[in-house]
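S.K.: Sharing start-v1.cif here; it has mmCIF, C-alpha atoms and all ligand atoms.
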data_final
loop_
_atom_site.label_atom_id
_atom_site.label_comp_id
_atom_site.auth_asym_id
_atom_site.auth_seq_id
_atom_site.Cartn_x
_atom_site.Cartn_y
_atom_site.Cartn_z
CA MET A 983 -21.34 -14.14 -12.85
CA LYS A 984 -19.46 -12.79 -9.88
CA LYS A 985 -15.75 -12.28 -10.48
CA THR A 986 -13.15 -13.56 -8.08
CA VAL A 987 -10.17 -11.50 -6.96
CA LEU A 988 -7.20 -13.00 -5.13
CA VAL A 989 -5.59 -10.63 -2.63
CA SER A 990 -2.08 -11.77 -1.74
CA GLY A 991 -1.02 -10.30 1.58
CA GLY A 992 -4.72 -9.76 2.22
CA ALA A 993 -4.47 -9.93 6.01
CA GLY A 994 -2.16 -6.91 6.23
CA PHE A 995 -2.83 -3.19 6.50
CA ILE A 996 -3.54 -2.32 2.88
CA GLY A 997 -4.76 -5.80 1.91
CA SER A 998 -7.46 -5.90 4.58
CA HIS A 999 -8.89 -2.51 3.58
CA VAL A 1000 -8.85 -3.53 -0.08
CA THR A 1001 -10.63 -6.80 0.76
CA VAL A 1002 -13.44 -4.85 2.46
CA GLU A 1003 -13.92 -2.51 -0.49
CA LEU A 1004 -13.86 -5.35 -3.04
CA ILE A 1005 -16.48 -7.33 -1.10
CA GLU A 1006 -18.64 -4.24 -0.70
CA ALA A 1007 -18.37 -3.67 -4.47
CA GLY A 1008 -19.72 -7.19 -5.09
CA TYR A 1009 -16.59 -9.23 -5.79
CA ASP A 1010 -15.79 -12.64 -4.39
CA VAL A 1011 -12.44 -12.34 -2.67
CA ILE A 1012 -9.87 -14.96 -1.78
CA VAL A 1013 -7.40 -13.84 0.87
CA ALA A 1014 -3.96 -15.42 1.05
CA ASP A 1015 -1.18 -14.47 3.43
CA ASN A 1016 1.81 -16.10 5.11
CA MET A 1017 1.07 -14.11 8.29
CA SER A 1018 4.74 -13.13 8.59
CA ASN A 1019 3.95 -9.53 9.48
CA CYS A 1020 0.41 -9.67 10.88
CA ASP A 1021 -1.99 -11.71 12.97
CA MET A 1022 -5.66 -12.52 12.35
CA THR A 1023 -6.91 -9.24 13.90
CA CYS A 1024 -7.52 -7.49 10.60
CA PHE A 1025 -8.94 -10.54 8.83
CA GLU A 1026 -11.43 -10.96 11.71
CA GLY A 1027 -12.21 -7.24 11.41
CA VAL A 1028 -12.87 -7.61 7.69
CA LYS A 1029 -15.42 -10.36 8.40
CA LYS A 1030 -17.17 -8.15 10.96
CA ILE A 1031 -17.30 -5.09 8.70
CA THR A 1032 -18.59 -7.00 5.68
CA GLY A 1033 -20.79 -9.41 7.65
CA LYS A 1034 -19.23 -12.17 5.59
CA GLU A 1035 -18.01 -15.04 7.73
CA ASP A 1036 -16.97 -17.37 4.93
CA ILE A 1037 -14.28 -15.37 3.10
CA PRO A 1038 -11.87 -18.02 1.77
CA PHE A 1039 -8.51 -17.74 3.51
CA PHE A 1040 -5.29 -19.57 2.62
CA LYS A 1041 -2.15 -19.41 4.73
CA ILE A 1042 0.42 -19.79 2.03
CA ASP A 1043 3.98 -18.77 1.41
CA PHE A 1044 4.15 -17.02 -1.96
CA CYS A 1045 7.82 -17.92 -2.24
CA LYS A 1046 6.83 -21.59 -2.50
CA GLU A 1047 6.09 -22.25 -6.15
CA GLU A 1048 3.95 -25.37 -5.59
CA GLU A 1049 1.74 -23.63 -3.04
CA VAL A 1050 1.08 -20.72 -5.39
CA ARG A 1051 0.44 -23.01 -8.36
CA LYS A 1052 -2.05 -25.05 -6.33
CA LEU A 1053 -3.90 -21.91 -5.24
CA PHE A 1054 -4.37 -20.87 -8.88
CA SER A 1055 -5.23 -24.35 -10.15
CA ASP A 1056 -7.74 -25.09 -7.35
CA ASN A 1057 -9.57 -21.77 -7.70
CA LYS A 1058 -10.96 -19.83 -10.65
CA ILE A 1059 -9.25 -16.47 -10.20
CA ASP A 1060 -10.13 -13.56 -12.50
CA ALA A 1061 -7.69 -11.01 -11.13
CA VAL A 1062 -4.91 -10.95 -8.56
CA ILE A 1063 -3.79 -8.00 -6.47
CA HIS A 1064 -0.29 -8.62 -5.21
CA PHE A 1065 0.63 -7.07 -1.86
CA ALA A 1066 2.58 -9.90 -0.23
CA ALA A 1067 6.02 -8.34 0.35
CA PHE A 1068 8.41 -7.07 2.98
CA LYS A 1069 8.19 -3.31 3.31
CA ALA A 1070 10.62 -1.87 5.87
CA VAL A 1071 13.10 0.40 4.14
CA GLY A 1072 15.79 0.27 6.87
CA GLU A 1073 15.54 -3.49 7.28
CA SER A 1074 15.99 -3.92 3.54
CA VAL A 1075 19.32 -2.06 3.73
CA ALA A 1076 20.47 -4.41 6.48
CA LYS A 1077 19.10 -7.60 4.88
CA PRO A 1078 19.09 -7.11 1.10
CA VAL A 1079 19.17 -10.81 0.18
CA MET A 1080 16.12 -11.49 2.33
CA TYR A 1081 14.27 -8.63 0.59
CA TYR A 1082 15.21 -9.58 -2.97
CA LYS A 1083 14.50 -13.24 -2.32
CA ASN A 1084 11.09 -12.65 -0.80
CA ASN A 1085 9.74 -9.76 -2.85
CA LEU A 1086 10.96 -11.03 -6.22
CA ASN A 1087 10.28 -14.75 -5.82
CA SER A 1088 6.76 -14.23 -4.53
CA PHE A 1089 5.86 -11.98 -7.44
CA LEU A 1090 7.49 -14.26 -10.03
CA ASN A 1091 5.51 -17.21 -8.65
CA VAL A 1092 2.27 -15.24 -8.84
CA LEU A 1093 2.93 -14.17 -12.43
CA GLU A 1094 3.86 -17.66 -13.56
CA ALA A 1095 0.86 -19.29 -11.90
CA ALA A 1096 -1.57 -16.59 -13.08
CA SER A 1097 -0.39 -16.93 -16.67
CA ALA A 1098 -0.55 -20.73 -16.55
CA HIS A 1099 -4.01 -20.93 -15.01
CA GLY A 1100 -6.10 -18.44 -16.98
CA CYS A 1101 -5.86 -15.43 -14.65
CA HIS A 1102 -5.17 -12.60 -17.08
CA ASN A 1103 -5.22 -9.60 -14.77
CA VAL A 1104 -2.45 -8.65 -12.38
CA LEU A 1105 -2.42 -5.53 -10.23
CA PHE A 1106 0.88 -4.77 -8.53
CA SER A 1107 1.15 -2.58 -5.45
CA SER A 1108 4.00 -0.23 -6.20
CA SER A 1109 5.19 2.86 -4.42
CA ALA A 1110 6.11 6.50 -4.86
CA THR A 1111 9.52 5.34 -3.68
CA VAL A 1112 10.23 4.46 -7.35
CA TYR A 1113 10.54 8.21 -8.10
CA GLY A 1114 13.37 8.65 -5.57
CA GLU A 1115 14.16 12.34 -4.96
CA PRO A 1116 12.26 13.91 -7.88
CA ASP A 1117 13.65 16.93 -9.75
CA LYS A 1118 10.17 18.39 -9.99
CA VAL A 1119 7.02 18.06 -7.87
CA PRO A 1120 4.24 17.01 -8.10
CA VAL A 1121 5.23 13.85 -9.92
CA THR A 1122 3.23 12.44 -12.81
CA GLU A 1123 3.39 8.85 -14.02
CA ASN A 1124 5.85 10.06 -16.68
CA THR A 1125 8.27 11.55 -14.18
CA PRO A 1126 11.43 9.50 -14.67
CA ARG A 1127 12.19 6.91 -12.03
CA LYS A 1128 15.42 7.56 -10.14
CA PRO A 1129 17.83 4.85 -8.97
CA ALA A 1130 16.29 3.27 -5.88
CA THR A 1131 17.73 4.39 -2.56
CA SER A 1132 17.12 1.05 -0.80
CA PRO A 1133 16.80 -2.63 -1.70
CA TYR A 1134 13.10 -2.29 -0.78
CA GLY A 1135 12.66 0.46 -3.37
CA ASN A 1136 14.67 -1.54 -5.84
CA THR A 1137 12.33 -4.54 -5.46
CA LYS A 1138 9.40 -2.22 -6.31
CA GLN A 1139 11.17 -0.99 -9.46
CA MET A 1140 12.19 -4.50 -10.45
CA CYS A 1141 8.67 -5.89 -9.98
CA GLU A 1142 7.29 -3.02 -12.09
CA ASP A 1143 9.73 -3.97 -14.87
CA ILE A 1144 8.99 -7.68 -14.53
CA LEU A 1145 5.27 -7.06 -14.90
CA GLN A 1146 5.77 -4.78 -17.92
CA ASP A 1147 8.03 -7.34 -19.64
CA THR A 1148 5.56 -10.13 -18.91
CA VAL A 1149 2.66 -8.14 -20.33
CA LYS A 1150 4.63 -7.60 -23.56
CA ALA A 1151 5.79 -11.19 -23.81
CA THR A 1152 2.40 -12.82 -23.19
CA LYS A 1153 0.35 -10.57 -25.50
CA GLY A 1154 -1.83 -12.64 -27.80
CA THR A 1155 -0.94 -15.93 -26.10
CA ASP A 1156 -3.17 -18.21 -24.00
CA GLY A 1157 -1.35 -17.00 -20.93
CA GLU A 1158 -1.90 -13.32 -21.69
CA ILE A 1159 -1.36 -10.98 -18.74
CA LYS A 1160 -2.61 -7.43 -18.47
CA GLY A 1161 -1.16 -5.28 -15.72
CA ILE A 1162 -1.83 -2.24 -13.60
CA LEU A 1163 0.80 -0.64 -11.41
CA LEU A 1164 -0.56 1.51 -8.62
CA ARG A 1165 2.07 3.79 -7.11
CA TYR A 1166 0.97 4.63 -3.58
CA PHE A 1167 2.12 7.75 -1.83
CA ASN A 1168 1.87 7.62 2.00
CA PRO A 1169 -1.13 5.49 3.05
CA ILE A 1170 -2.36 6.38 6.55
CA GLY A 1171 -5.45 6.05 8.74
CA ALA A 1172 -7.86 3.23 9.39
CA HIS A 1173 -11.35 2.06 8.52
CA PRO A 1174 -14.05 4.30 10.06
CA SER A 1175 -15.38 1.28 11.98
CA ALA A 1176 -12.01 1.16 13.85
CA LEU A 1177 -12.08 -2.62 13.31
CA ILE A 1178 -9.08 -2.71 10.98
CA GLY A 1179 -5.96 -0.57 10.73
CA GLU A 1180 -2.20 -0.58 10.80
CA LEU A 1181 -0.57 -3.11 13.17
CA PRO A 1182 3.16 -2.52 13.14
CA ARG A 1183 5.35 -5.09 14.85
CA GLY A 1184 7.84 -3.54 17.24
CA VAL A 1185 8.84 0.10 16.90
CA PRO A 1186 6.95 1.68 13.98
CA ASN A 1187 9.02 3.04 11.09
CA ASN A 1188 6.21 5.12 9.66
CA LEU A 1189 5.08 8.46 10.98
CA VAL A 1190 1.39 8.00 11.79
CA PRO A 1191 1.64 4.76 13.82
CA PHE A 1192 4.51 6.40 15.74
CA ILE A 1193 2.26 9.41 16.44
CA THR A 1194 -0.70 7.32 17.63
CA GLN A 1195 1.52 5.06 19.77
CA THR A 1196 3.09 8.13 21.38
CA ALA A 1197 -0.34 9.63 22.05
CA ILE A 1198 -1.56 6.42 23.72
CA GLY A 1199 1.61 6.21 25.84
CA LYS A 1200 3.33 3.24 24.18
CA ARG A 1201 6.20 5.49 23.03
CA GLU A 1202 7.62 8.32 25.04
CA CYS A 1203 8.29 10.91 22.37
CA LEU A 1204 8.02 11.33 18.62
CA SER A 1205 11.21 12.42 16.90
CA ILE A 1206 10.59 14.65 13.90
CA PHE A 1207 13.44 13.77 11.60
CA GLY A 1208 14.87 17.07 10.40
CA ASN A 1209 13.55 20.65 10.58
CA ASP A 1210 16.20 22.16 8.33
CA TYR A 1211 14.84 20.99 4.97
CA PRO A 1212 14.24 23.63 2.27
CA THR A 1213 10.46 23.56 2.84
CA PRO A 1214 8.12 26.20 4.35
CA ASP A 1215 8.43 24.90 7.93
CA GLY A 1216 11.68 22.96 7.51
CA THR A 1217 10.10 19.49 7.76
CA CYS A 1218 9.59 17.04 4.88
CA LEU A 1219 6.57 17.19 2.60
CA ARG A 1220 4.56 14.08 1.73
CA ASP A 1221 1.23 13.14 0.18
CA TYR A 1222 -0.73 11.34 2.91
CA ILE A 1223 -3.50 9.29 1.38
CA ASP A 1224 -6.38 7.85 3.39
CA ILE A 1225 -6.29 4.06 3.46
CA VAL A 1226 -9.98 3.68 2.54
CA ASP A 1227 -9.59 6.07 -0.39
CA LEU A 1228 -6.53 4.11 -1.47
CA ALA A 1229 -8.43 0.82 -1.13
CA LYS A 1230 -11.21 2.19 -3.34
CA ALA A 1231 -8.68 2.93 -6.09
CA HIS A 1232 -8.18 -0.84 -6.33
CA VAL A 1233 -11.88 -1.41 -6.96
CA PHE A 1234 -11.73 1.08 -9.85
CA ALA A 1235 -8.55 -0.54 -11.20
CA VAL A 1236 -9.89 -4.09 -11.00
CA GLY A 1237 -13.16 -3.02 -12.65
CA ARG A 1238 -11.16 -1.42 -15.44
CA MET A 1239 -9.28 -4.64 -16.05
CA LEU A 1240 -12.24 -7.00 -15.86
CA GLU A 1241 -14.49 -4.79 -18.00
CA ASN A 1242 -11.81 -4.38 -20.69
CA LYS A 1243 -11.61 -0.63 -20.29
CA MET A 1244 -7.83 -0.40 -20.23
CA LYS A 1245 -6.20 1.94 -22.72
CA ALA A 1246 -2.86 0.10 -22.67
CA ASP A 1247 -1.87 -3.45 -21.76
CA CYS A 1248 0.02 -2.20 -18.74
CA GLU A 1249 -1.16 0.96 -17.07
CA ILE A 1250 0.39 3.04 -14.30
CA PHE A 1251 -1.47 5.30 -11.87
CA ASN A 1252 -0.33 7.52 -9.03
CA ILE A 1253 -2.53 7.06 -5.99
CA GLY A 1254 -2.31 10.21 -3.92
CA THR A 1255 -4.24 13.33 -2.99
CA GLY A 1256 -2.11 15.87 -4.85
CA LYS A 1257 -1.73 17.91 -1.64
CA PRO A 1258 1.62 18.20 0.13
CA VAL A 1259 1.53 18.13 3.94
CA SER A 1260 4.57 18.66 6.17
CA VAL A 1261 5.45 16.44 9.12
CA LEU A 1262 4.83 19.33 11.47
CA GLU A 1263 1.46 20.13 9.88
CA LEU A 1264 0.44 16.51 10.26
CA VAL A 1265 1.43 16.48 13.93
CA ASN A 1266 -0.43 19.76 14.55
CA SER A 1267 -3.54 18.46 12.78
CA PHE A 1268 -3.43 15.26 14.84
CA GLU A 1269 -3.34 17.31 18.05
CA ARG A 1270 -6.13 19.64 16.96
CA VAL A 1271 -8.51 17.03 15.56
CA ASN A 1272 -8.18 14.69 18.51
CA GLY A 1273 -7.93 17.39 21.18
CA LEU A 1274 -4.63 16.28 22.69
CA LYS A 1275 -1.01 17.29 23.05
CA LEU A 1276 1.69 15.15 21.54
CA ASN A 1277 5.13 14.81 23.05
CA TYR A 1278 7.55 15.49 20.20
CA LYS A 1279 11.03 16.86 19.58
CA PHE A 1280 13.12 17.76 16.58
CA ALA A 1281 15.84 15.27 15.76
CA PRO A 1282 18.48 14.94 13.02
CA ARG A 1283 17.42 14.00 9.50
CA ARG A 1284 16.80 10.31 8.80
CA ALA A 1285 19.14 8.79 6.21
CA GLY A 1286 17.49 8.22 2.84
CA ASP A 1287 14.50 10.59 3.32
CA VAL A 1288 13.58 12.74 0.34
CA THR A 1289 12.74 16.39 0.98
CA ALA A 1290 9.43 16.62 -0.81
CA ILE A 1291 7.26 14.35 -2.89
CA TRP A 1292 3.59 14.47 -3.74
CA ALA A 1293 1.44 13.15 -6.53
CA ASP A 1294 -0.16 14.63 -9.54
CA PRO A 1295 -3.21 12.31 -9.42
CA THR A 1296 -4.85 13.74 -12.56
CA LEU A 1297 -4.54 10.53 -14.54
CA ALA A 1298 -6.24 8.38 -11.87
CA ASN A 1299 -8.90 11.09 -11.43
CA LYS A 1300 -9.69 11.37 -15.15
CA GLU A 1301 -9.04 7.87 -16.44
CA MET A 1302 -10.23 5.73 -13.55
CA GLY A 1303 -12.82 8.14 -12.18
CA TRP A 1304 -11.20 7.77 -8.77
CA LYS A 1305 -10.44 10.64 -6.43
CA ALA A 1306 -9.22 10.89 -2.84
CA GLU A 1307 -12.15 12.10 -0.77
CA ARG A 1308 -11.36 11.99 2.93
CA SER A 1309 -9.59 14.93 4.51
CA VAL A 1310 -6.38 14.53 6.47
CA ASP A 1311 -8.38 15.49 9.59
CA GLU A 1312 -10.87 12.65 9.12
CA THR A 1313 -8.03 10.25 8.44
CA LEU A 1314 -6.12 11.26 11.57
CA ALA A 1315 -9.29 10.89 13.67
CA ALA A 1316 -9.72 7.36 12.27
CA ALA A 1317 -6.08 6.49 13.01
CA TRP A 1318 -6.57 7.61 16.62
CA ALA A 1319 -9.86 5.69 16.97
CA TRP A 1320 -8.05 2.55 15.78
CA GLU A 1321 -5.18 3.01 18.28
CA LYS A 1322 -7.75 3.41 21.07
CA HIS A 1323 -9.61 0.32 19.85
CA LEU A 1324 -6.34 -1.65 20.07
CA ALA A 1325 -5.81 -0.39 23.60
CA GLY A 1326 -9.38 -1.43 24.50
CA LYS A 1327 -10.39 2.18 25.22
C1 LIG A 1401 7.04 10.21 6.52
C2 LIG A 1401 7.74 11.46 7.02
C3 LIG A 1401 9.93 11.08 7.90
C4 LIG A 1401 8.76 8.69 11.35
C5 LIG A 1401 7.95 5.09 3.43
C6 LIG A 1401 8.43 4.26 2.27
C7 LIG A 1401 7.37 4.20 1.21
C8 LIG A 1401 6.08 3.68 1.74
C9 LIG A 1401 5.67 4.39 2.98
C10 LIG A 1401 5.93 1.43 2.66
C11 LIG A 1401 9.21 11.53 6.64
C12 LIG A 1401 9.00 11.57 8.98
C13 LIG A 1401 8.74 9.44 10.20
C14 LIG A 1401 9.14 9.30 12.57
C15 LIG A 1401 9.40 11.38 11.39
N1 LIG A 1401 6.18 2.28 1.82
N2 LIG A 1401 9.05 10.76 10.22
N3 LIG A 1401 9.43 10.64 12.54
O1 LIG A 1401 9.52 7.54 4.40
O2 LIG A 1401 7.71 8.91 3.27
O3 LIG A 1401 7.73 6.45 3.01
O4 LIG A 1401 6.75 4.52 3.91
O5 LIG A 1401 5.56 0.57 3.12
O6 LIG A 1401 7.82 3.40 0.18
O7 LIG A 1401 9.60 4.84 1.75
O8 LIG A 1401 7.09 7.41 5.17
O9 LIG A 1401 5.92 7.43 7.34
O10 LIG A 1401 8.32 6.67 7.26
O11 LIG A 1401 7.80 9.08 6.91
O12 LIG A 1401 9.70 12.59 11.45
O13 LIG A 1401 9.22 8.68 13.65
O14 LIG A 1401 7.71 11.44 8.46
O15 LIG A 1401 11.20 11.64 8.06
O16 LIG A 1401 9.51 12.85 6.38
P1 LIG A 1401 8.12 7.66 3.94
P2 LIG A 1401 7.26 7.56 6.73
#
Have the structure of the file written as structure tokens, please.
Ligand code: WQD

M.R.:
Amino acid sequence: MKKTVLVSGGAGFIGSHVTVELIEAGYDVIVADNMSNCDMTCFEGVKKITGKEDIPFFKIDFCKEEEVRKLFSDNKIDAVIHFAAFKAVGESVAKPVMYYKNNLNSFLNVLEAASAHGCHNVLFSSSATVYGEPDKVPVTENTPRKPATSPYGNTKQMCEDILQDTVKATKGTDGEIKGILLRYFNPIGAHPSALIGELPRGVPNNLVPFITQTAIGKRECLSIFGNDYPTPDGTCLRDYIDIVDLAKAHVFAVGRMLENKMKADCEIFNIGTGKPVSVLELVNSFERVNGLKLNYKFAPRRAGDVTAIWADPTLANKEMGWKAERSVDETLAAAWAWEKHLAGK
């Protein structure tokens, strides 16, 4: 029988790409979202890409306990992937209560409802932000977590701990929960169809949407935050992971849970390429691949940025059989195609 996966926050950037890959892998998917940071563009795109018009969609607020409970009691859900969360680092510093309230309550409600209604598999979308400024790169899953540098990062660490404690506490009970934490590095790009991609509201915080919006003329100039870092070209190093590759990691992880292939009750995987790329290299690649010139300038460092972080993805490669496949060039071409699609070009 087909298994059903609930994707909370499934209308957003990562959630919509994951929904496509799950459907293409043969899962039934239920999408739920409160639409607080997206519109229906990506959900409509998902239907077009998959040719599936009847994907169940629920507009629910995961902070409302009764709504979450009803979703789990009305539907037979085999696994849940939890994305629904606020994700702007700077905003979380300005509005910590809003971040803790939303990101913690929504996850607690999901865990409680899953455990009470026979959904034993919970995948939590975590972040490389939990490593803070690492002493050594690349980071493995055993690299110690550093104190979070923002309330956003703190909610990721706290949700990781909450899931691990829940897995321990429910072991051997009717409400048993098994967990996987995927720690994403920097997801970028868009689906090759250019029908779904990143849709930031207002001024983008992240690098690639700022680049594409500058290239299309929505923003005047990209500021590269800092060129005096102790790196080869002075700009920060990150591990930019293609969004479709990242989405595929979820299919491997869900399969692992549902086919009882897990080696521990709560597993952690880094989802990255293992290759560091500097901000300047990324900008230069974007220009080269898409044959255009980008207006950019060097600006002071941004508060809270770490100098260099990239993944050691060996565990995900060996254990899950997943590997990042698309090159940064392909990814940057897809990001540009998506920006042009949005502009109707
Ligand atoms: C990448 C690099 C910037 C914008 C954050 C979160 C993480 C994850 C992804 C989110 C940095 C530089 C950026 C700009 C720039 N979570 N930059 N000019 O900070 O690595 O990670 O987003 O949902 O948890 O912490 O990603 O894309 O913001 O920045 O020079 O206009 O680009 O300084 O070096 P980051 P980013």

S.K.: Between CA of Leu1163 (chain A) and CA of Glu1249 (chain A), what is the distance, to one decimal in Å?

M.R.: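 Going from CA of Leu1163 (chain A) over to CA of Glu1249 (chain A) covers 6.2 Å.
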
S.K.: Mind pulling up the distance from CA of Asn1091 (chain A) to CA of Leu1053 (chain A)?

M.R.: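 Atom-to-atom, CA of Leu1053 (chain A) to CA of Asn1091 (chain A), that is 11.1 Å.
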
S.K.: Mind checking which residues fall within 12 Å of Lys1153 (chain A), counting only C-alpha atoms, ignoring those fewer than 4 positions away in the same chain, and posting them as a PyMOL selection string?

M.R.: chain A and resi 1097+1102+1146-1149+1157-1161+1246-1248

S.K.: Residues contacting ligand LIG 1401 (chain A) - anything with an atom at most 9 Å away, using only C-alpha atoms and all ligand atoms - can you give me those as an MDAnalysis selection string?

M.R.: chainID A and resid 1068:1071 1108:1112 1132 1134:1135 1138 1166:1170 1186:1193 1204:1209 1217:1222 1260:1262 1280:1281 1283:1291

S.K.: Expressed in Å to a single decimal, how great is the separation between CA of Phe1251 (chain A) and CA of Glu1142 (chain A)?

M.R.: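 The value is 12.1 Å.
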
S.K.: Skip Gly1114 (chain A) itself and residues of its chain fewer than 2 positions away, then list as a PyMOL selection string all residues within 7 Å of it, counting all atoms listed in the file.

M.R.: chain A and resi 1111-1112+1116+1127-1131

S.K.: Measuring atom to atom with only C-alpha atoms, identify which of A:Ser1088, A:Thr1152, A:Asn1266, A:Ser1074 is nearest to Glu1048 (chain A).

M.R.: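 Among A:Ser1088, A:Thr1152, A:Asn1266, A:Ser1074, it is A:Ser1088 that comes nearest to Glu1048 (chain A).
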
S.K.: I want to know what sits within 7 Å of Gly992 (chain A), based on only C-alpha atoms, with residues of the same chain fewer than 5 positions away left out; could you give that as a PyMOL selection string?

M.R.: chain A and resi 997-998+1001+1013-1015

S.K.: Taking all atoms of region 1135-1139 of chain A that appear in the file, build a box with edges along x, y and z, extend it by 6 Å on every side, and state its centre and edge lengths in Å to one decimal, as JSON.

M.R.:
{"center_x": 12.0, "center_y": -2.0, "center_z": -6.4, "size_x": 17.3, "size_y": 17.0, "size_z": 18.1}

S.K.: Could you pull the residues within 8 Å of Asn1277 (chain A), counting all atoms listed in the file, minus those fewer than 4 positions along the same chain, as an NGL selection string?

M.R.: :A and (1196-1197 or 1202-1204)

S.K.: Generate the missing atoms of region 1114-1120 of chain A up to all heavy atoms and report them as a short mmCIF file (atom, residue, chain, number, x, y, z; two decimals), in the coordinates of the input.

M.R.:
data_model
loop_
_atom_site.label_atom_id
_atom_site.label_comp_id
_atom_site.auth_asym_id
_atom_site.auth_seq_id
_atom_site.Cartn_x
_atom_site.Cartn_y
_atom_site.Cartn_z
N GLY A 1114 12.20 8.15 -6.30
CA GLY A 1114 13.37 8.65 -5.57
C GLY A 1114 13.18 10.11 -5.19
O GLY A 1114 12.07 10.52 -4.84
N GLU A 1115 14.26 10.89 -5.24
CA GLU A 1115 14.16 12.34 -4.96
C GLU A 1115 13.86 13.03 -6.29
O GLU A 1115 14.76 13.22 -7.13
CB GLU A 1115 15.48 12.85 -4.36
CG GLU A 1115 15.53 14.35 -4.14
CD GLU A 1115 15.22 14.78 -2.69
OE1 GLU A 1115 15.89 14.30 -1.78
OE2 GLU A 1115 14.29 15.58 -2.52
N PRO A 1116 12.61 13.40 -6.54
CA PRO A 1116 12.26 13.91 -7.88
C PRO A 1116 12.83 15.31 -8.12
O PRO A 1116 12.97 16.10 -7.19
CB PRO A 1116 10.73 13.94 -7.84
CG PRO A 1116 10.36 13.97 -6.41
CD PRO A 1116 11.46 13.37 -5.62
N ASP A 1117 13.15 15.61 -9.40
CA ASP A 1117 13.65 16.93 -9.75
C ASP A 1117 12.53 17.96 -9.70
O ASP A 1117 12.77 19.15 -9.53
CB ASP A 1117 14.25 16.91 -11.17
CG ASP A 1117 15.47 16.00 -11.24
OD1 ASP A 1117 16.16 15.90 -10.21
OD2 ASP A 1117 15.70 15.40 -12.31
N LYS A 1118 11.30 17.47 -9.90
CA LYS A 1118 10.17 18.39 -9.99
C LYS A 1118 8.97 17.76 -9.27
O LYS A 1118 8.72 16.56 -9.44
CB LYS A 1118 9.82 18.58 -11.47
CG LYS A 1118 9.42 19.98 -11.84
CD LYS A 1118 9.19 20.10 -13.35
CE LYS A 1118 7.74 20.46 -13.60
NZ LYS A 1118 7.17 19.94 -14.79
N VAL A 1119 8.24 18.56 -8.48
CA VAL A 1119 7.02 18.06 -7.87
C VAL A 1119 5.85 18.93 -8.29
O VAL A 1119 6.06 20.12 -8.56
CB VAL A 1119 7.11 18.04 -6.31
CG1 VAL A 1119 7.77 16.79 -5.81
CG2 VAL A 1119 7.81 19.28 -5.77
N PRO A 1120 4.61 18.40 -8.34
CA PRO A 1120 4.24 17.01 -8.10
C PRO A 1120 4.75 16.09 -9.21
O PRO A 1120 5.08 16.56 -10.30
CB PRO A 1120 2.71 17.07 -8.10
CG PRO A 1120 2.36 18.23 -8.96
CD PRO A 1120 3.45 19.24 -8.73
#
